[in-house]
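Asks: Below is data-v9.txt; it holds compact mmCIF, C-alpha atoms and all ligand atoms.
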# COMPACT_ATOMS: atom_id res chain seq x y z
CA LEU K 115 -17.32 8.68 -21.53
CA GLN K 116 -15.23 11.82 -21.47
CA ARG K 117 -11.61 11.01 -20.55
CA ALA K 118 -9.67 13.30 -18.27
CA PRO K 119 -8.64 16.47 -20.05
CA CYS K 120 -5.26 15.69 -21.56
CA ARG K 121 -3.42 18.38 -19.66
CA TYR K 122 0.02 16.90 -20.11
CA ALA K 123 1.63 20.29 -20.38
CA ASP K 124 0.61 21.32 -16.89
CA LEU K 125 1.30 17.91 -15.42
CA HIS K 126 4.68 16.99 -14.08
CA PRO K 127 7.60 18.42 -16.17
CA LEU K 128 8.38 14.80 -17.11
CA TRP K 129 5.31 15.03 -19.33
CA GLN K 130 6.29 18.28 -21.00
CA SER K 131 8.72 16.13 -22.97
CA GLU K 132 5.77 13.85 -23.71
CA LEU K 133 6.07 13.66 -27.48
CA SER K 134 4.60 10.77 -29.37
CA VAL K 135 7.63 8.68 -30.25
CA SER K 136 8.17 9.57 -33.89
CA GLY K 137 7.90 6.33 -35.85
CA GLY K 138 6.63 4.42 -32.82
CA THR K 139 4.87 1.24 -33.97
CA ARG K 140 4.25 -0.43 -30.58
CA GLN K 141 3.32 2.29 -28.09
CA SER K 142 1.40 1.87 -24.84
CA PRO K 143 -1.20 2.11 -23.38
CA ILE K 144 -3.91 0.69 -25.68
CA ASN K 145 -7.63 -0.06 -25.57
CA ILE K 146 -7.96 -3.86 -25.38
CA GLN K 147 -10.92 -4.90 -27.56
CA TRP K 148 -11.93 -8.19 -25.94
CA ARG K 149 -13.51 -9.61 -29.12
CA ASP K 150 -10.39 -8.82 -31.20
CA SER K 151 -8.05 -10.54 -28.76
CA VAL K 152 -6.90 -14.00 -29.87
CA TYR K 153 -6.89 -16.95 -27.44
CA ASP K 154 -3.39 -18.51 -27.52
CA PRO K 155 -3.43 -22.08 -26.10
CA HIS K 156 0.38 -22.01 -25.92
CA LEU K 157 0.30 -19.28 -23.25
CA LYS K 158 1.29 -20.83 -19.93
CA PRO K 159 0.06 -19.79 -16.49
CA LEU K 160 2.06 -16.87 -15.13
CA LYS K 161 4.30 -17.92 -12.22
CA ILE K 162 5.06 -15.26 -9.61
CA HIS K 163 7.57 -15.70 -6.77
CA TYR K 164 8.13 -12.47 -4.84
CA ASP K 165 10.37 -12.46 -1.75
CA PRO K 166 8.90 -9.81 0.63
CA THR K 167 12.35 -9.10 2.12
CA THR K 168 13.55 -7.71 -1.24
CA CYS K 169 11.30 -4.67 -0.70
CA LEU K 170 13.51 -1.59 -0.09
CA TYR K 171 11.65 1.74 0.05
CA ILE K 172 8.83 3.89 -1.32
CA TRP K 173 9.60 7.18 -3.03
CA ASN K 174 7.74 9.96 -4.79
CA ASN K 175 9.49 10.55 -8.13
CA GLY K 176 7.30 13.54 -9.02
CA TYR K 177 5.20 11.43 -11.37
CA SER K 178 3.89 8.54 -9.25
CA PHE K 179 4.95 6.78 -6.05
CA GLN K 180 7.19 3.79 -6.62
CA VAL K 181 8.09 0.84 -4.37
CA GLU K 182 11.62 -0.25 -5.25
CA PHE K 183 13.02 -3.75 -4.84
CA ASP K 184 16.49 -5.27 -4.51
CA ASP K 185 17.00 -6.74 -7.98
CA SER K 186 20.64 -7.83 -7.45
CA ALA K 187 19.61 -11.52 -7.49
CA ASP K 188 16.81 -13.78 -8.73
CA LYS K 189 14.76 -13.44 -5.53
CA SER K 190 11.57 -11.74 -6.73
CA VAL K 191 10.86 -13.12 -10.18
CA ILE K 192 8.12 -13.94 -12.65
CA MET K 193 8.20 -16.64 -15.33
CA GLY K 194 5.86 -18.68 -17.53
CA GLY K 195 3.01 -16.90 -19.28
CA PRO K 196 4.34 -15.59 -22.63
CA LEU K 197 7.88 -15.37 -21.25
CA GLU K 198 10.96 -17.23 -22.53
CA ASN K 199 12.81 -16.95 -19.22
CA HIS K 200 12.46 -15.36 -15.78
CA TYR K 201 12.34 -11.61 -15.14
CA ARG K 202 13.32 -9.75 -11.93
CA LEU K 203 10.98 -7.33 -10.14
CA LYS K 204 12.48 -3.83 -10.10
CA GLN K 205 9.61 -1.61 -8.89
CA PHE K 206 5.89 -1.15 -8.84
CA HIS K 207 3.86 2.05 -9.13
CA PHE K 208 0.34 3.21 -9.93
CA HIS K 209 -1.54 5.57 -12.29
CA TRP K 210 -4.79 7.19 -11.17
CA GLY K 211 -7.32 9.96 -11.87
CA ALA K 212 -8.58 13.02 -10.01
CA ILE K 213 -11.97 11.29 -9.80
CA ASN K 214 -13.16 7.68 -10.01
CA GLU K 215 -14.39 8.10 -13.61
CA TRP K 216 -10.88 7.77 -15.04
CA GLY K 217 -7.29 7.00 -14.07
CA SER K 218 -6.14 3.75 -15.65
CA GLU K 219 -3.77 3.74 -18.63
CA HIS K 220 -5.14 0.66 -20.43
CA MET K 221 -8.83 0.22 -21.17
CA VAL K 222 -10.94 -2.88 -21.85
CA ASP K 223 -13.60 -2.32 -24.52
CA SER K 224 -13.23 1.40 -23.76
CA LYS K 225 -13.95 0.81 -20.08
CA VAL K 226 -11.59 2.84 -17.93
CA TYR K 227 -10.79 2.07 -14.27
CA PRO K 228 -10.02 4.57 -11.50
CA ALA K 229 -6.43 3.31 -11.20
CA GLU K 230 -3.90 0.82 -12.56
CA LEU K 231 -0.98 -0.94 -10.86
CA HIS K 232 2.21 -1.61 -12.84
CA LEU K 233 4.84 -4.11 -11.69
CA VAL K 234 8.03 -3.52 -13.69
CA HIS K 235 10.39 -6.46 -14.28
CA TRP K 236 13.59 -6.80 -16.36
CA ASN K 237 15.33 -9.63 -18.18
CA PRO K 238 18.60 -10.57 -16.39
CA VAL K 239 19.38 -13.19 -19.07
CA THR K 240 19.69 -10.74 -21.97
CA SER K 241 20.64 -7.62 -19.97
CA THR K 242 23.19 -6.98 -17.22
CA SER K 243 21.15 -4.14 -15.64
CA PHE K 244 17.70 -2.62 -15.57
CA GLU K 245 18.96 0.48 -17.38
CA GLU K 246 20.28 -1.72 -20.19
CA ALA K 247 17.07 -3.79 -20.31
CA ILE K 248 14.88 -0.75 -21.03
CA MET K 249 16.65 -0.44 -24.36
CA GLU K 250 16.32 -4.14 -25.28
CA ASN K 251 13.54 -5.44 -27.51
CA ASN K 252 12.02 -7.71 -24.84
CA GLY K 253 14.01 -6.30 -21.97
CA LEU K 254 11.03 -5.52 -19.75
CA VAL K 255 7.80 -7.13 -18.62
CA VAL K 256 5.17 -4.97 -16.94
CA ILE K 257 2.18 -6.63 -15.26
CA GLY K 258 -0.86 -4.34 -15.24
CA VAL K 259 -3.61 -4.80 -12.65
CA PHE K 260 -6.77 -2.67 -12.75
CA LEU K 261 -8.11 -1.18 -9.51
CA LYS K 262 -11.86 -0.74 -9.11
CA LEU K 263 -13.86 0.97 -6.38
CA GLY K 264 -15.20 -1.58 -3.90
CA ALA K 265 -14.15 -3.27 -0.69
CA HIS K 266 -11.26 -2.12 1.47
CA HIS K 267 -7.99 -3.76 0.38
CA ALA K 268 -6.13 -4.82 3.54
CA GLY K 269 -2.86 -5.58 1.70
CA LEU K 270 -2.82 -2.15 0.01
CA GLN K 271 -3.48 -0.37 3.31
CA LYS K 272 0.11 -0.94 4.53
CA LEU K 273 1.25 0.96 1.43
CA VAL K 274 -1.41 3.68 1.84
CA ASP K 275 -0.35 4.26 5.48
CA ALA K 276 3.16 5.12 4.27
CA LEU K 277 2.05 7.66 1.62
CA PRO K 278 1.95 10.75 3.91
CA ALA K 279 5.72 10.23 4.39
CA VAL K 280 6.28 10.66 0.61
CA LYS K 281 3.78 13.49 -0.01
CA HIS K 282 6.31 15.66 -1.85
CA LYS K 283 8.43 14.96 -4.94
CA ASP K 284 11.83 13.38 -4.16
CA THR K 285 10.84 12.20 -0.70
CA ILE K 286 11.58 8.61 0.31
CA VAL K 287 10.64 6.34 3.18
CA GLU K 288 11.95 2.93 4.16
CA PHE K 289 9.43 0.21 3.40
CA ASP K 290 10.49 -3.29 4.26
CA VAL K 291 8.79 -6.67 4.05
CA PHE K 292 5.95 -6.14 1.63
CA ASP K 293 4.74 -8.91 -0.71
CA PRO K 294 3.20 -7.38 -3.87
CA SER K 295 1.55 -10.76 -4.57
CA CYS K 296 -1.20 -9.53 -2.23
CA LEU K 297 -2.08 -7.00 -4.97
CA MET K 298 -2.66 -9.73 -7.56
CA PRO K 299 -6.22 -10.88 -8.34
CA SER K 300 -6.70 -14.61 -7.77
CA CYS K 301 -8.04 -15.06 -11.33
CA PRO K 302 -5.15 -16.26 -13.56
CA ASP K 303 -6.58 -14.81 -16.81
CA TYR K 304 -4.57 -12.15 -18.68
CA TRP K 305 -4.07 -10.45 -22.03
CA THR K 306 -0.57 -9.91 -23.42
CA TYR K 307 0.81 -7.68 -26.18
CA ASP K 308 4.07 -6.03 -27.26
CA GLY K 309 4.27 -2.38 -26.20
CA SER K 310 6.32 0.37 -24.62
CA LEU K 311 7.01 2.31 -21.46
CA THR K 312 4.23 4.83 -20.91
CA THR K 313 6.69 7.40 -19.59
CA PRO K 314 9.77 8.87 -21.22
CA PRO K 315 11.92 7.36 -22.71
CA LEU K 316 8.79 5.51 -24.07
CA THR K 317 11.09 2.73 -25.33
CA GLU K 318 9.39 -0.14 -27.17
CA SER K 319 10.88 -2.80 -24.93
CA VAL K 320 7.89 -3.98 -22.90
CA THR K 321 5.96 -7.24 -22.98
CA TRP K 322 2.70 -6.18 -21.31
CA ILE K 323 0.69 -8.67 -19.25
CA ILE K 324 -2.69 -7.15 -18.34
CA LYS K 325 -4.74 -9.07 -15.76
CA LYS K 326 -8.38 -9.51 -16.78
CA THR K 327 -9.84 -9.19 -13.28
CA PRO K 328 -9.46 -5.97 -11.26
CA ILE K 329 -8.69 -5.83 -7.54
CA GLU K 330 -11.02 -3.84 -5.28
CA VAL K 331 -9.92 -0.85 -3.19
CA ASP K 332 -12.14 1.53 -1.21
CA GLN K 333 -12.76 5.27 -1.68
CA ASN K 334 -10.49 6.30 1.21
CA GLN K 335 -7.60 4.36 -0.27
CA LEU K 336 -8.02 6.07 -3.67
CA GLU K 337 -8.29 9.45 -1.95
CA GLU K 338 -4.95 8.83 -0.23
CA PHE K 339 -3.31 8.43 -3.68
CA ARG K 340 -4.81 11.81 -4.63
CA MET K 341 -3.27 13.51 -1.57
CA LEU K 342 0.21 13.03 -3.00
CA LEU K 343 1.88 15.97 -4.76
CA PHE K 344 3.76 16.33 -8.05
CA THR K 345 5.63 19.21 -6.42
CA SER K 346 8.55 19.43 -4.01
CA ALA K 347 8.29 20.88 -0.50
CA GLY K 348 8.17 24.67 -0.65
CA GLU K 349 6.75 24.80 -4.18
CA GLU K 350 3.16 25.74 -4.97
CA GLU K 351 1.28 22.49 -4.36
CA LYS K 352 0.04 20.49 -7.36
CA ARG K 353 -1.95 17.35 -6.49
CA MET K 354 -0.61 14.16 -8.04
CA VAL K 355 -3.62 13.08 -10.13
CA ASP K 356 -4.28 12.14 -13.79
CA ASN K 357 -0.74 10.73 -14.15
CA PHE K 358 -1.68 8.46 -17.06
CA ARG K 359 -0.70 8.59 -20.72
CA PRO K 360 -3.44 8.81 -23.38
CA LEU K 361 -4.32 5.76 -25.50
CA GLN K 362 -1.92 4.94 -28.34
CA PRO K 363 -2.81 3.39 -31.74
CA LEU K 364 -2.83 -0.42 -31.87
CA MET K 365 -1.27 -0.36 -35.37
CA ASN K 366 -0.17 -3.79 -36.58
CA ARG K 367 -0.53 -5.64 -33.25
CA THR K 368 -2.65 -8.51 -31.94
CA VAL K 369 -3.55 -8.84 -28.29
CA ARG K 370 -3.43 -12.47 -27.14
CA SER K 371 -5.53 -13.85 -24.30
CA SER K 372 -4.64 -16.69 -21.93
CA PHE K 373 -8.34 -17.61 -21.65
CA ARG K 374 -11.22 -18.48 -23.96
N1 LIG K 401 4.18 3.02 -16.84
S1 LIG K 401 5.55 2.23 -17.03
O1 LIG K 401 5.46 0.91 -16.43
O2 LIG K 401 5.91 2.25 -18.44
C1 LIG K 401 6.81 3.09 -16.14
C2 LIG K 401 6.50 4.27 -15.53
C3 LIG K 401 7.49 4.95 -14.81
C4 LIG K 401 8.79 4.43 -14.73
C5 LIG K 401 9.80 5.25 -13.99
O3 LIG K 401 10.92 4.81 -13.69
O4 LIG K 401 9.46 6.39 -13.63
C6 LIG K 401 9.08 3.20 -15.35
S2 LIG K 401 10.62 2.44 -15.30
O5 LIG K 401 10.83 1.98 -13.95
O6 LIG K 401 10.63 1.44 -16.32
N2 LIG K 401 11.75 3.54 -15.66
C7 LIG K 401 11.77 4.09 -16.98
C8 LIG K 401 12.63 5.35 -17.01
C9 LIG K 401 13.95 5.04 -16.39
C10 LIG K 401 14.95 4.40 -17.13
C11 LIG K 401 16.16 4.13 -16.54
C12 LIG K 401 16.43 4.48 -15.22
C13 LIG K 401 15.42 5.14 -14.48
C14 LIG K 401 14.18 5.41 -15.06
C15 LIG K 401 8.07 2.54 -16.07
ZN ZN K 402 3.12 2.65 -15.21
Could you show the structure in this file as structure tokens?
Ligand SMILES: NS(=O)(=O)c1ccc(C(=O)O)c(S(=O)(=O)NCCc2ccccc2)c1
Ligand SMILES: [Zn+2]
Replies:
Amino acid sequence: LQRAPCRYADLHPLWQSELSVSGGTRQSPINIQWRDSVYDPHLKPLKIHYDPTTCLYIWNNGYSFQVEFDDSADKSVIMGGPLENHYRLKQFHFHWGAINEWGSEHMVDSKVYPAELHLVHWNPVTSTSFEEAIMENNGLVVIGVFLKLGAHHAGLQKLVDALPAVKHKDTIVEFDVFDPSCLMPSCPDYWTYDGSLTTPPLTESVTWIIKKTPIEVDQNQLEEFRMLLFTSAGEEEKRMVDNFRPLQPLMNRTVRSSFR
């Protein structure tokens, strides 16, 4: 299947600096080959405790739209799974395509999804701030959830209804009391591997946890993502689509699965 044309240069300026990290050995995203993943019986169930009142606002950062959380205390945290300690939720955002045939960053056996949700968490035990954690070896945990075309997603709709308020780059809207747990599939199965941020600074500080089962969203909800703009008000409009990084080499890594 033909992937989206890799038009990084004419995407958001953020991507013009998109150089492959010279010497990178654990870059993301990757294609997860199901049969090459190794079941690890020591992987625990992932435990997620998000406090909806820690939700602060949604903003368009010119690359995606992000929902930011108050991470000044251990209120919205994940633990268990492959993790040594708990991690605090900092923000979540999405990657999507111009059409339903592509959009996700990770793939499973070369299958690509129309969109992918990333929930970004940082390690408050080994770092004193998010900014510090992105430079630490296992400073970050990002949970990836695939989105597939299907039924209307009622939980997502509250987010979709707020998108017109952040149409342009650097716009922000208050968004309180949202529980991102509603965006999690009920199936507990996941893959996990050591990787990187998929946006600059592309630091190799991320433990990725990719959920096996996608959530379903409907066509209208995907179209609303595609109505956002990379550009600021007053600039020539560029639709915010195809904001995903191309696949990176697996190199010397093994993807572990929490399920047989
Ligand atoms: N696809 S991903 O999960 O790798 C990812 C994508 C975007 C961002 C981002 O902040 O824009 C992030 S981030 O929230 O980790 N920020 C990374 C860049 C950054 C560092 C320090 C302060 C602000 C932004 C992560
Ligand atoms: Zn992301």
Asks: Would you mind listing what lies within 8 Å of Lys262 in chain K as a PDB file with C-alpha atoms, in the frame of the given file, with all atoms listed in the file counted and same-chain residues fewer than 5 positions away left out?
Replies:
ATOM      1  CA  TYR K 227     -10.790   2.070 -14.270  1.00  0.00           C
ATOM      2  CA  PRO K 228     -10.020   4.570 -11.500  1.00  0.00           C
ATOM      3  CA  ALA K 229      -6.430   3.310 -11.200  1.00  0.00           C
ATOM      4  CA  PRO K 328      -9.460  -5.970 -11.260  1.00  0.00           C
ATOM      5  CA  ILE K 329      -8.690  -5.830  -7.540  1.00  0.00           C
ATOM      6  CA  GLU K 330     -11.020  -3.840  -5.280  1.00  0.00           C
ATOM      7  CA  VAL K 331      -9.920  -0.850  -3.190  1.00  0.00           C
TER       8      VAL K 331
END
Asks: At a cut-off of 12 Å around ligand ZN 402 (chain K), and using only C-alpha atoms and all ligand atoms, what residues come up? Please write them as a PyMOL selection string.
Replies: chain K and resi 142-143+177-180+205-210+217-220+229-235+255-260+310-314+316+320+322+324+357-359
Asks: Find the distance between CA of Thr240 in chain K and CA of Trp173 in chain K and write it in Å to one decimal.
Replies: 28.0 Å
Asks: Taking into account only C-alpha atoms and all ligand atoms, which residue in the set K:Val274, K:Met298, K:Val181, K:Met221 is nearest to ligand LIG 401 (chain K)?
Replies: K:Val181
Asks: Go through K:Phe183, K:Tyr171, K:Tyr164, K:Tyr153 one by one, measure the shortest atom-to-atom distance of each to ligand LIG 401 (chain K) using all atoms listed in the file, and give the residue with the smallest value.
Replies: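 Ranking K:Phe183, K:Tyr171, K:Tyr164, K:Tyr153 by distance to ligand LIG 401 (chain K), first place goes to K:Phe183.
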